[in-house]
Amino acid sequence: MYTTILTSLENGVFTITINRPDKLNALNASVFADLNTALDEIYSNAAIQSVIITGAGPKAFVAGADISEFNNLDKSGIMALSKAGQDTFFRIENAPKPIIACVNGFALGGGCELAMSCHFRVASENAKFGQPEVNLGLIPGYGGTQRLVQLIGKGRAMELLLTANMIDAVTAHQYGLVNHVVPADQLIGKAVEILSLIQTKAPIAVAQCIAAANAVFDETKDGYAVEVAGFGTSFDTADRVEGTTAFLEKRKAVFSGK
Ligand code: COA
């Protein structure tokens with residue numbers, strides 16, 4: 001079914017591994033096609049409760065968009081590529097299930113942008129982040145100029161965008177770009193631990209939290225109104241009845257996702 005990604009589903013956690021290690025998992029058209037098919041599955045398959053995105057091999061998460069595809073395109077073609085990439089990453093950002101990037105090495109250019117489109121990030125100690133597009137006479141095209149500013153603030157983002165400098169995992173942690181830094185052999189385990197905890201919560205409430213937090217950065221939406229609507233949506237569920245009843249009965253809630 002997939003040619004450039006590996007997938008697995010274990011205990012509700014769906015893992016996507018970008019699998020072009022000889023090209024440091026660079027994002028070409030096939031990877032985007034596979035990612036979109038996987039996103040269809042994530043949105044539609046109730047057995048998928050949460051998601052990890054990582055890269056194959058010990059060296060790279062994703063070293064960027066596949067530069068070898070650029071020179072076949074003209075200006076309108078490259079703008080269409082940018083828009084299509086942004087749309088794929090919006091689908092990740094707006095997914096109603098938690099998606100964690102497990103950054104296992106270089107996350108450069110489109111790789112940093114992919115990681116930033118996930119709901120949050122866990123990094124291995126050897127991870128490196130950067131937006132080196134100005135080295136190529138380009139700028140980030142998959143949302144990087146926007147999400148980097150959102151995540152680490154304008155001054156730090158400007159420096160990374162304009163210098164093309166890479167930062168290591170410890171600096172990324174200090175900047176708030178990643179939530180946790182762990183040894184490489186504990187990376188997936190750390191994400192599974194966090195996702196397993198989230199999977200014990202009410203799924204509709206989790207989805208509404210994602211939508212409301214994302215609304216902060218969407219100028220077409222009033223985030224406070226999204227919160228009110230989400231409060232109502234989550235209130236009107238069997239899981240809210242179960243959650244509040246279990247609290248009053250001093251027992252652990254068991255959620256159904258309804
Ligand atoms: N697009 C296409 N191919 C890429 C790539 C990318 N973004 N990043 C790495 N590769 C390929 C290399 O061309 C090389 O292929 P080859 O073996 O067929 O020559 C292979 O992956 C290994 O990369 P290499 O550069 O030899 O590894 P390195 O350890 O010397 O350097 C990096 C690692 C990440 C510093 C370097 O690969 C790099 O700078 N990549 C591009 C990063 C970038 O500019 N990304 C933004 C793109 S918009």
# chains A, B, ... in the order shown; residues from 1 in each chain; ligands from 1
call {"tool": "residues_near_ligand", "arguments": {"ligand": "ligand 1", "cutoff": "12 Å", "atoms": "only C-alpha atoms and all ligand atoms", "output": "number ranges by chain"}}
result
A: 20-29, 57-71, 78, 81-82, 85, 105-114, 127-142, 144, 161, 164-166
call {"tool": "select_by_dssp", "arguments": {"residues": "region 115-244 of chain A", "states": "alpha helix (DSSP H)", "output": "PyMOL selection string"}}
result
chain A and resi 115-117+144-152+154-163+169-175+187-198+203-215+223-235+238-244
call {"tool": "residues_around", "arguments": {"residues": "Gln199 (chain A)", "least_positions_apart": "5", "cutoff": "9 Å", "atoms": "only C-alpha atoms", "output": "PyMOL selection string"}}
result
chain A and resi 12-13+49-50+194+206
call {"tool": "write_last_selection", "arguments": {"atoms": "N, CA, C and O atoms", "output": "PDB file, in the first residue's frame"}}
result
ATOM      1  N   GLY A  12      -3.479   0.895  19.832  1.00  0.00           N
ATOM      2  CA  GLY A  12      -4.100   2.175  19.473  1.00  0.00           C
ATOM      3  C   GLY A  12      -3.133   3.216  18.952  1.00  0.00           C
ATOM      4  O   GLY A  12      -3.549   4.255  18.437  1.00  0.00           O
ATOM      5  N   VAL A  13      -1.816   2.981  19.093  1.00  0.00           N
ATOM      6  CA  VAL A  13      -0.806   3.955  18.629  1.00  0.00           C
ATOM      7  C   VAL A  13      -0.361   3.585  17.208  1.00  0.00           C
ATOM      8  O   VAL A  13       0.181   2.500  16.985  1.00  0.00           O
ATOM      9  N   GLN A  49      -5.946   5.520  17.761  1.00  0.00           N
ATOM     10  CA  GLN A  49      -6.283   6.484  18.818  1.00  0.00           C
ATOM     11  C   GLN A  49      -5.261   7.610  18.929  1.00  0.00           C
ATOM     12  O   GLN A  49      -5.573   8.680  19.448  1.00  0.00           O
ATOM     13  N   SER A  50      -4.045   7.351  18.468  1.00  0.00           N
ATOM     14  CA  SER A  50      -3.006   8.376  18.532  1.00  0.00           C
ATOM     15  C   SER A  50      -1.911   8.003  17.549  1.00  0.00           C
ATOM     16  O   SER A  50      -1.893   6.875  17.030  1.00  0.00           O
ATOM     17  N   ILE A 194       3.524   8.761  26.770  1.00  0.00           N
ATOM     18  CA  ILE A 194       2.650   9.953  26.812  1.00  0.00           C
ATOM     19  C   ILE A 194       1.317   9.654  26.119  1.00  0.00           C
ATOM     20  O   ILE A 194       0.239   9.982  26.624  1.00  0.00           O
ATOM     21  N   VAL A 206     -10.429  15.259  24.158  1.00  0.00           N
ATOM     22  CA  VAL A 206      -9.072  15.430  23.624  1.00  0.00           C
ATOM     23  C   VAL A 206      -9.133  16.156  22.276  1.00  0.00           C
ATOM     24  O   VAL A 206      -8.392  17.124  22.031  1.00  0.00           O
TER      25      VAL A 206
END
call {"tool": "residues_around", "arguments": {"residues": "region 208-219 of chain A", "least_positions_apart": "5", "cutoff": "7 Å", "atoms": "only C-alpha atoms", "output": "PyMOL selection string"}}
result
chain A and resi 94+96+226-227+230
call {"tool": "write_last_selection", "arguments": {"atoms": "C-alpha atoms", "output": "PDB file, in the first residue's frame"}}
result
ATOM      1  CA  ASN A  94      -5.891  19.646  12.771  1.00  0.00           C
ATOM      2  CA  PRO A  96      -8.645  15.060  16.023  1.00  0.00           C
ATOM      3  CA  VAL A 226     -14.259  27.654  19.726  1.00  0.00           C
ATOM      4  CA  GLU A 227     -13.673  26.871  23.413  1.00  0.00           C
ATOM      5  CA  GLY A 230     -16.008  22.576  22.439  1.00  0.00           C
TER       6      GLY A 230
END
call {"tool": "closest_atom_pairs", "arguments": {"of": "region 52-169 of chain A", "to": "region 189-192 of chain A", "cutoff": "12 Å", "atoms": "only C-alpha atoms", "output": "Markdown table"}}
result
| residue | atom | partner | partner_atom | distance |
| --- | --- | --- | --- | --- |
| A:Ile52 | CA | A:Ala191 | CA | 7.3 |
| A:Ile53 | CA | A:Ala191 | CA | 10.0 |
| A:Thr54 | CA | A:Ala191 | CA | 10.6 |
| A:Pro98 | CA | A:Ala191 | CA | 10.7 |
| A:Ile99 | CA | A:Ala191 | CA | 9.6 |
| A:Ile100 | CA | A:Ala191 | CA | 6.9 |
| A:Ala101 | CA | A:Ala191 | CA | 8.4 |
| A:Cys102 | CA | A:Ala191 | CA | 7.1 |
| A:Val103 | CA | A:Ala191 | CA | 10.6 |
| A:His119 | CA | A:Ala191 | CA | 11.9 |
| A:Phe120 | CA | A:Ala191 | CA | 10.0 |
| A:Arg121 | CA | A:Ala191 | CA | 8.7 |
| A:Val122 | CA | A:Ala191 | CA | 6.9 |
| A:Ala123 | CA | A:Lys190 | CA | 9.6 |
| A:Ser124 | CA | A:Lys190 | CA | 10.1 |
call {"tool": "write_last_selection", "arguments": {"atoms": "N, CA, C and O atoms", "output": "mmCIF file, in the first residue's frame"}}
result
data_model
loop_
_atom_site.group_PDB
_atom_site.id
_atom_site.type_symbol
_atom_site.label_atom_id
_atom_site.label_comp_id
_atom_site.auth_asym_id
_atom_site.auth_seq_id
_atom_site.Cartn_x
_atom_site.Cartn_y
_atom_site.Cartn_z
ATOM 1 N N ILE A 52 2.340 8.517 16.088
ATOM 2 C CA ILE A 52 3.753 8.924 16.162
ATOM 3 C C ILE A 52 4.252 9.086 14.728
ATOM 4 O O ILE A 52 3.967 8.232 13.877
ATOM 5 N N ILE A 53 4.986 10.162 14.463
ATOM 6 C CA ILE A 53 5.680 10.295 13.177
ATOM 7 C C ILE A 53 7.173 10.357 13.467
ATOM 8 O O ILE A 53 7.624 11.150 14.305
ATOM 9 N N THR A 54 7.942 9.497 12.791
ATOM 10 C CA THR A 54 9.391 9.465 12.996
ATOM 11 C C THR A 54 10.084 9.158 11.668
ATOM 12 O O THR A 54 9.422 9.036 10.626
ATOM 13 N N PRO A 98 -4.182 12.871 18.950
ATOM 14 C CA PRO A 98 -2.856 13.441 19.205
ATOM 15 C C PRO A 98 -1.780 12.842 18.292
ATOM 16 O O PRO A 98 -1.726 11.623 18.104
ATOM 17 N N ILE A 99 -0.933 13.728 17.752
ATOM 18 C CA ILE A 99 0.172 13.302 16.880
ATOM 19 C C ILE A 99 1.468 13.873 17.449
ATOM 20 O O ILE A 99 1.612 15.094 17.580
ATOM 21 N N ILE A 100 2.395 12.992 17.813
ATOM 22 C CA ILE A 100 3.694 13.409 18.349
ATOM 23 C C ILE A 100 4.765 13.139 17.294
ATOM 24 O O ILE A 100 4.808 12.049 16.707
ATOM 25 N N ALA A 101 5.652 14.119 17.062
ATOM 26 C CA ALA A 101 6.842 13.873 16.239
ATOM 27 C C ALA A 101 7.934 13.320 17.151
ATOM 28 O O ALA A 101 8.241 13.917 18.184
ATOM 29 N N CYS A 102 8.495 12.168 16.771
ATOM 30 C CA CYS A 102 9.670 11.626 17.457
ATOM 31 C C CYS A 102 10.869 11.964 16.590
ATOM 32 O O CYS A 102 11.133 11.309 15.581
ATOM 33 N N VAL A 103 11.598 13.015 16.975
ATOM 34 C CA VAL A 103 12.669 13.546 16.121
ATOM 35 C C VAL A 103 13.974 12.831 16.474
ATOM 36 O O VAL A 103 14.559 13.049 17.533
ATOM 37 N N HIS A 119 1.410 17.815 17.027
ATOM 38 C CA HIS A 119 0.867 18.523 18.195
ATOM 39 C C HIS A 119 1.951 18.874 19.212
ATOM 40 O O HIS A 119 1.889 19.902 19.869
ATOM 41 N N PHE A 120 2.943 18.007 19.364
ATOM 42 C CA PHE A 120 4.165 18.370 20.072
ATOM 43 C C PHE A 120 5.273 17.393 19.697
ATOM 44 O O PHE A 120 5.051 16.462 18.922
ATOM 45 N N ARG A 121 6.483 17.662 20.225
ATOM 46 C CA ARG A 121 7.658 16.973 19.773
ATOM 47 C C ARG A 121 8.464 16.381 20.937
ATOM 48 O O ARG A 121 8.599 17.041 21.992
ATOM 49 N N VAL A 122 9.004 15.177 20.712
ATOM 50 C CA VAL A 122 9.968 14.561 21.611
ATOM 51 C C VAL A 122 11.218 14.327 20.764
ATOM 52 O O VAL A 122 11.108 13.937 19.600
ATOM 53 N N ALA A 123 12.396 14.616 21.325
ATOM 54 C CA ALA A 123 13.623 14.502 20.516
ATOM 55 C C ALA A 123 14.615 13.556 21.163
ATOM 56 O O ALA A 123 14.687 13.448 22.391
ATOM 57 N N SER A 124 15.410 12.890 20.326
ATOM 58 C CA SER A 124 16.550 12.139 20.834
ATOM 59 C C SER A 124 17.713 13.112 21.026
ATOM 60 O O SER A 124 17.721 14.216 20.464
#
call {"tool": "atom_distance", "arguments": {"atom1": "CA of Val228 (chain A)", "atom2": "CA of Ile198 (chain A)"}}
result
21.9 Å
call {"tool": "residues_around", "arguments": {"residues": "Glu242 (chain A)", "least_positions_apart": "4", "cutoff": "7 Å", "atoms": "only C-alpha atoms", "output": "ChimeraX atom specification"}}
result
/A:238,246,253,255
call {"tool": "residues_around", "arguments": {"residues": "Leu39 (chain A)", "least_positions_apart": "6", "cutoff": "9 Å", "atoms": "only C-alpha atoms", "output": "short mmCIF file (atom, residue, chain, number, x, y, z; two decimals) with N, CA, C and O atoms, in the first residue's frame"}}
result
data_model
loop_
_atom_site.label_atom_id
_atom_site.label_comp_id
_atom_site.auth_asym_id
_atom_site.auth_seq_id
_atom_site.Cartn_x
_atom_site.Cartn_y
_atom_site.Cartn_z
N THR A 88 -1.14 19.41 3.51
CA THR A 88 -0.88 18.13 4.18
C THR A 88 -0.58 18.38 5.66
O THR A 88 -1.11 17.68 6.54
N ARG A 91 -3.49 19.12 7.75
CA ARG A 91 -4.25 17.91 8.12
C ARG A 91 -3.62 17.26 9.35
O ARG A 91 -4.33 16.69 10.18
N ILE A 92 -2.30 17.31 9.46
CA ILE A 92 -1.64 16.77 10.67
C ILE A 92 -2.02 17.64 11.87
O ILE A 92 -2.49 17.15 12.90
N ALA A 95 -5.66 17.24 13.00
CA ALA A 95 -6.16 15.89 13.24
C ALA A 95 -6.82 15.84 14.62
O ALA A 95 -6.33 16.44 15.58
#
call {"tool": "closest_residue", "arguments": {"among": "A:Ser256, A:Gln146, A:Asn72, A:Asn104", "to": "Asp168 (chain A)", "atoms": "only C-alpha atoms"}}
result
A:Asn104
call {"tool": "closest_residue", "arguments": {"among": "A:Ser234, A:Glu41, A:Tyr2, A:Gly143", "to": "Lys83 (chain A)", "atoms": "only C-alpha atoms"}}
result
A:Gly143
call {"tool": "select_by_dssp", "arguments": {"residues": "region 103-240 of chain A", "states": "strand (DSSP E or B)", "output": "PyMOL selection string"}}
result
chain A and resi 103+106-108+120-124+128-130+167-168+180-182
call {"tool": "write_last_selection", "arguments": {"atoms": "N, CA, C and O atoms", "output": "PDB file, in the first residue's frame"}}
result
ATOM      1  N   VAL A 103      11.598  13.015  16.975  1.00  0.00           N
ATOM      2  CA  VAL A 103      12.669  13.546  16.121  1.00  0.00           C
ATOM      3  C   VAL A 103      13.974  12.831  16.474  1.00  0.00           C
ATOM      4  O   VAL A 103      14.559  13.049  17.533  1.00  0.00           O
ATOM      5  N   PHE A 106      18.451  14.625  12.182  1.00  0.00           N
ATOM      6  CA  PHE A 106      18.227  15.908  11.482  1.00  0.00           C
ATOM      7  C   PHE A 106      16.735  16.159  11.235  1.00  0.00           C
ATOM      8  O   PHE A 106      16.046  15.306  10.670  1.00  0.00           O
ATOM      9  N   ALA A 107      16.258  17.328  11.644  1.00  0.00           N
ATOM     10  CA  ALA A 107      14.921  17.810  11.268  1.00  0.00           C
ATOM     11  C   ALA A 107      15.158  19.172  10.636  1.00  0.00           C
ATOM     12  O   ALA A 107      15.160  20.202  11.315  1.00  0.00           O
ATOM     13  N   LEU A 108      15.409  19.155   9.341  1.00  0.00           N
ATOM     14  CA  LEU A 108      15.817  20.372   8.637  1.00  0.00           C
ATOM     15  C   LEU A 108      14.766  20.741   7.605  1.00  0.00           C
ATOM     16  O   LEU A 108      14.134  19.864   7.010  1.00  0.00           O
ATOM     17  N   PHE A 120       2.943  18.007  19.364  1.00  0.00           N
ATOM     18  CA  PHE A 120       4.165  18.370  20.072  1.00  0.00           C
ATOM     19  C   PHE A 120       5.273  17.393  19.697  1.00  0.00           C
ATOM     20  O   PHE A 120       5.051  16.462  18.922  1.00  0.00           O
ATOM     21  N   ARG A 121       6.483  17.662  20.225  1.00  0.00           N
ATOM     22  CA  ARG A 121       7.658  16.973  19.773  1.00  0.00           C
ATOM     23  C   ARG A 121       8.464  16.381  20.937  1.00  0.00           C
ATOM     24  O   ARG A 121       8.599  17.041  21.992  1.00  0.00           O
ATOM     25  N   VAL A 122       9.004  15.177  20.712  1.00  0.00           N
ATOM     26  CA  VAL A 122       9.968  14.561  21.611  1.00  0.00           C
ATOM     27  C   VAL A 122      11.218  14.327  20.764  1.00  0.00           C
ATOM     28  O   VAL A 122      11.108  13.937  19.600  1.00  0.00           O
ATOM     29  N   ALA A 123      12.396  14.616  21.325  1.00  0.00           N
ATOM     30  CA  ALA A 123      13.623  14.502  20.516  1.00  0.00           C
ATOM     31  C   ALA A 123      14.615  13.556  21.163  1.00  0.00           C
ATOM     32  O   ALA A 123      14.687  13.448  22.391  1.00  0.00           O
ATOM     33  N   SER A 124      15.410  12.890  20.326  1.00  0.00           N
ATOM     34  CA  SER A 124      16.550  12.139  20.834  1.00  0.00           C
ATOM     35  C   SER A 124      17.713  13.112  21.026  1.00  0.00           C
ATOM     36  O   SER A 124      17.721  14.216  20.464  1.00  0.00           O
ATOM     37  N   LYS A 128      18.795  17.429  15.573  1.00  0.00           N
ATOM     38  CA  LYS A 128      19.226  18.782  15.177  1.00  0.00           C
ATOM     39  C   LYS A 128      18.099  19.416  14.369  1.00  0.00           C
ATOM     40  O   LYS A 128      17.507  18.762  13.504  1.00  0.00           O
ATOM     41  N   PHE A 129      17.848  20.671  14.658  1.00  0.00           N
ATOM     42  CA  PHE A 129      16.729  21.382  14.021  1.00  0.00           C
ATOM     43  C   PHE A 129      17.258  22.589  13.262  1.00  0.00           C
ATOM     44  O   PHE A 129      18.183  23.263  13.727  1.00  0.00           O
ATOM     45  N   GLY A 130      16.633  22.895  12.132  1.00  0.00           N
ATOM     46  CA  GLY A 130      17.011  24.109  11.420  1.00  0.00           C
ATOM     47  C   GLY A 130      16.147  24.347  10.207  1.00  0.00           C
ATOM     48  O   GLY A 130      15.441  23.447   9.730  1.00  0.00           O
ATOM     49  N   ILE A 167      20.158  24.116  15.484  1.00  0.00           N
ATOM     50  CA  ILE A 167      20.251  24.040  16.943  1.00  0.00           C
ATOM     51  C   ILE A 167      20.171  22.574  17.362  1.00  0.00           C
ATOM     52  O   ILE A 167      19.544  21.754  16.678  1.00  0.00           O
ATOM     53  N   ASP A 168      20.845  22.269  18.485  1.00  0.00           N
ATOM     54  CA  ASP A 168      20.814  20.887  18.969  1.00  0.00           C
ATOM     55  C   ASP A 168      19.577  20.660  19.854  1.00  0.00           C
ATOM     56  O   ASP A 168      18.793  21.592  20.114  1.00  0.00           O
ATOM     57  N   HIS A 180      10.524  17.083  25.373  1.00  0.00           N
ATOM     58  CA  HIS A 180      11.395  16.164  26.107  1.00  0.00           C
ATOM     59  C   HIS A 180      12.577  15.788  25.222  1.00  0.00           C
ATOM     60  O   HIS A 180      12.418  15.649  24.009  1.00  0.00           O
ATOM     61  N   VAL A 181      13.740  15.607  25.847  1.00  0.00           N
ATOM     62  CA  VAL A 181      14.921  15.088  25.147  1.00  0.00           C
ATOM     63  C   VAL A 181      15.337  13.817  25.869  1.00  0.00           C
ATOM     64  O   VAL A 181      15.506  13.820  27.096  1.00  0.00           O
ATOM     65  N   VAL A 182      15.465  12.733  25.111  1.00  0.00           N
ATOM     66  CA  VAL A 182      15.774  11.431  25.717  1.00  0.00           C
ATOM     67  C   VAL A 182      16.841  10.719  24.876  1.00  0.00           C
ATOM     68  O   VAL A 182      17.030  11.055  23.701  1.00  0.00           O
TER      69      VAL A 182
END
call {"tool": "atom_distance", "arguments": {"atom1": "CA of Phe231 (chain A)", "atom2": "CA of Ala205 (chain A)"}}
result
8.2 Å
call {"tool": "decode", "arguments": {"residues": "region 42-53 of chain A", "atoms": "all heavy atoms", "output": "mmCIF file, in the first residue's frame"}}
result
data_model
loop_
_atom_site.group_PDB
_atom_site.id
_atom_site.type_symbol
_atom_site.label_atom_id
_atom_site.label_comp_id
_atom_site.auth_asym_id
_atom_site.auth_seq_id
_atom_site.Cartn_x
_atom_site.Cartn_y
_atom_site.Cartn_z
ATOM 1 N N ILE A 42 -5.858 7.763 9.431
ATOM 2 C CA ILE A 42 -5.893 8.317 10.800
ATOM 3 C C ILE A 42 -7.261 8.952 11.080
ATOM 4 O O ILE A 42 -7.843 8.754 12.152
ATOM 5 C CB ILE A 42 -4.760 9.355 10.982
ATOM 6 C CG1 ILE A 42 -3.400 8.647 11.008
ATOM 7 C CG2 ILE A 42 -4.964 10.201 12.237
ATOM 8 C CD1 ILE A 42 -2.208 9.564 10.778
ATOM 9 N N TYR A 43 -7.771 9.701 10.108
ATOM 10 C CA TYR A 43 -9.052 10.380 10.308
ATOM 11 C C TYR A 43 -10.212 9.386 10.361
ATOM 12 O O TYR A 43 -11.203 9.627 11.054
ATOM 13 C CB TYR A 43 -9.296 11.408 9.188
ATOM 14 C CG TYR A 43 -8.686 12.784 9.439
ATOM 15 C CD1 TYR A 43 -7.318 12.994 9.370
ATOM 16 C CD2 TYR A 43 -9.494 13.874 9.742
ATOM 17 C CE1 TYR A 43 -6.764 14.259 9.593
ATOM 18 C CE2 TYR A 43 -8.948 15.139 9.954
ATOM 19 C CZ TYR A 43 -7.588 15.324 9.884
ATOM 20 O OH TYR A 43 -7.044 16.573 10.106
ATOM 21 N N SER A 44 -10.121 8.267 9.603
ATOM 22 C CA SER A 44 -11.308 7.426 9.433
ATOM 23 C C SER A 44 -11.305 6.148 10.275
ATOM 24 O O SER A 44 -12.357 5.569 10.512
ATOM 25 C CB SER A 44 -11.468 7.046 7.951
ATOM 26 O OG SER A 44 -10.365 6.251 7.558
ATOM 27 N N ASN A 45 -10.137 5.687 10.714
ATOM 28 C CA ASN A 45 -10.057 4.389 11.398
ATOM 29 C C ASN A 45 -10.137 4.578 12.917
ATOM 30 O O ASN A 45 -9.203 5.097 13.542
ATOM 31 C CB ASN A 45 -8.742 3.703 11.003
ATOM 32 C CG ASN A 45 -8.607 2.319 11.609
ATOM 33 O OD1 ASN A 45 -9.429 1.911 12.447
ATOM 34 N ND2 ASN A 45 -7.586 1.590 11.202
ATOM 35 N N ALA A 46 -11.244 4.138 13.505
ATOM 36 C CA ALA A 46 -11.460 4.337 14.943
ATOM 37 C C ALA A 46 -10.452 3.552 15.788
ATOM 38 O O ALA A 46 -10.226 3.883 16.960
ATOM 39 C CB ALA A 46 -12.883 3.928 15.317
ATOM 40 N N ALA A 47 -9.826 2.532 15.207
ATOM 41 C CA ALA A 47 -8.829 1.766 15.968
ATOM 42 C C ALA A 47 -7.550 2.578 16.199
ATOM 43 O O ALA A 47 -6.762 2.275 17.097
ATOM 44 C CB ALA A 47 -8.490 0.471 15.227
ATOM 45 N N ILE A 48 -7.347 3.605 15.382
ATOM 46 C CA ILE A 48 -6.193 4.498 15.581
ATOM 47 C C ILE A 48 -6.596 5.566 16.592
ATOM 48 O O ILE A 48 -7.466 6.396 16.338
ATOM 49 C CB ILE A 48 -5.752 5.159 14.251
ATOM 50 C CG1 ILE A 48 -5.275 4.094 13.270
ATOM 51 C CG2 ILE A 48 -4.666 6.211 14.505
ATOM 52 C CD1 ILE A 48 -4.923 4.632 11.885
ATOM 53 N N GLN A 49 -5.946 5.520 17.761
ATOM 54 C CA GLN A 49 -6.283 6.484 18.818
ATOM 55 C C GLN A 49 -5.261 7.610 18.929
ATOM 56 O O GLN A 49 -5.573 8.680 19.448
ATOM 57 C CB GLN A 49 -6.389 5.751 20.162
ATOM 58 C CG GLN A 49 -7.507 4.703 20.193
ATOM 59 C CD GLN A 49 -7.469 3.904 21.485
ATOM 60 O OE1 GLN A 49 -7.578 4.471 22.574
ATOM 61 N NE2 GLN A 49 -7.294 2.605 21.384
ATOM 62 N N SER A 50 -4.045 7.351 18.468
ATOM 63 C CA SER A 50 -3.006 8.376 18.532
ATOM 64 C C SER A 50 -1.911 8.003 17.549
ATOM 65 O O SER A 50 -1.893 6.875 17.030
ATOM 66 C CB SER A 50 -2.456 8.480 19.958
ATOM 67 O OG SER A 50 -1.776 7.291 20.304
ATOM 68 N N VAL A 51 -0.995 8.959 17.308
ATOM 69 C CA VAL A 51 -0.049 8.783 16.197
ATOM 70 C C VAL A 51 1.354 9.255 16.589
ATOM 71 O O VAL A 51 1.505 10.260 17.295
ATOM 72 C CB VAL A 51 -0.533 9.591 14.957
ATOM 73 C CG1 VAL A 51 0.423 9.405 13.778
ATOM 74 C CG2 VAL A 51 -1.960 9.197 14.563
ATOM 75 N N ILE A 52 2.340 8.517 16.088
ATOM 76 C CA ILE A 52 3.753 8.924 16.162
ATOM 77 C C ILE A 52 4.252 9.086 14.728
ATOM 78 O O ILE A 52 3.967 8.232 13.877
ATOM 79 C CB ILE A 52 4.594 7.837 16.880
ATOM 80 C CG1 ILE A 52 4.288 7.827 18.377
ATOM 81 C CG2 ILE A 52 6.091 8.028 16.628
ATOM 82 C CD1 ILE A 52 4.897 6.634 19.114
ATOM 83 N N ILE A 53 4.986 10.162 14.463
ATOM 84 C CA ILE A 53 5.680 10.295 13.177
ATOM 85 C C ILE A 53 7.173 10.357 13.467
ATOM 86 O O ILE A 53 7.624 11.150 14.305
ATOM 87 C CB ILE A 53 5.231 11.555 12.397
ATOM 88 C CG1 ILE A 53 3.723 11.492 12.110
ATOM 89 C CG2 ILE A 53 6.013 11.680 11.088
ATOM 90 C CD1 ILE A 53 3.167 12.679 11.324
#
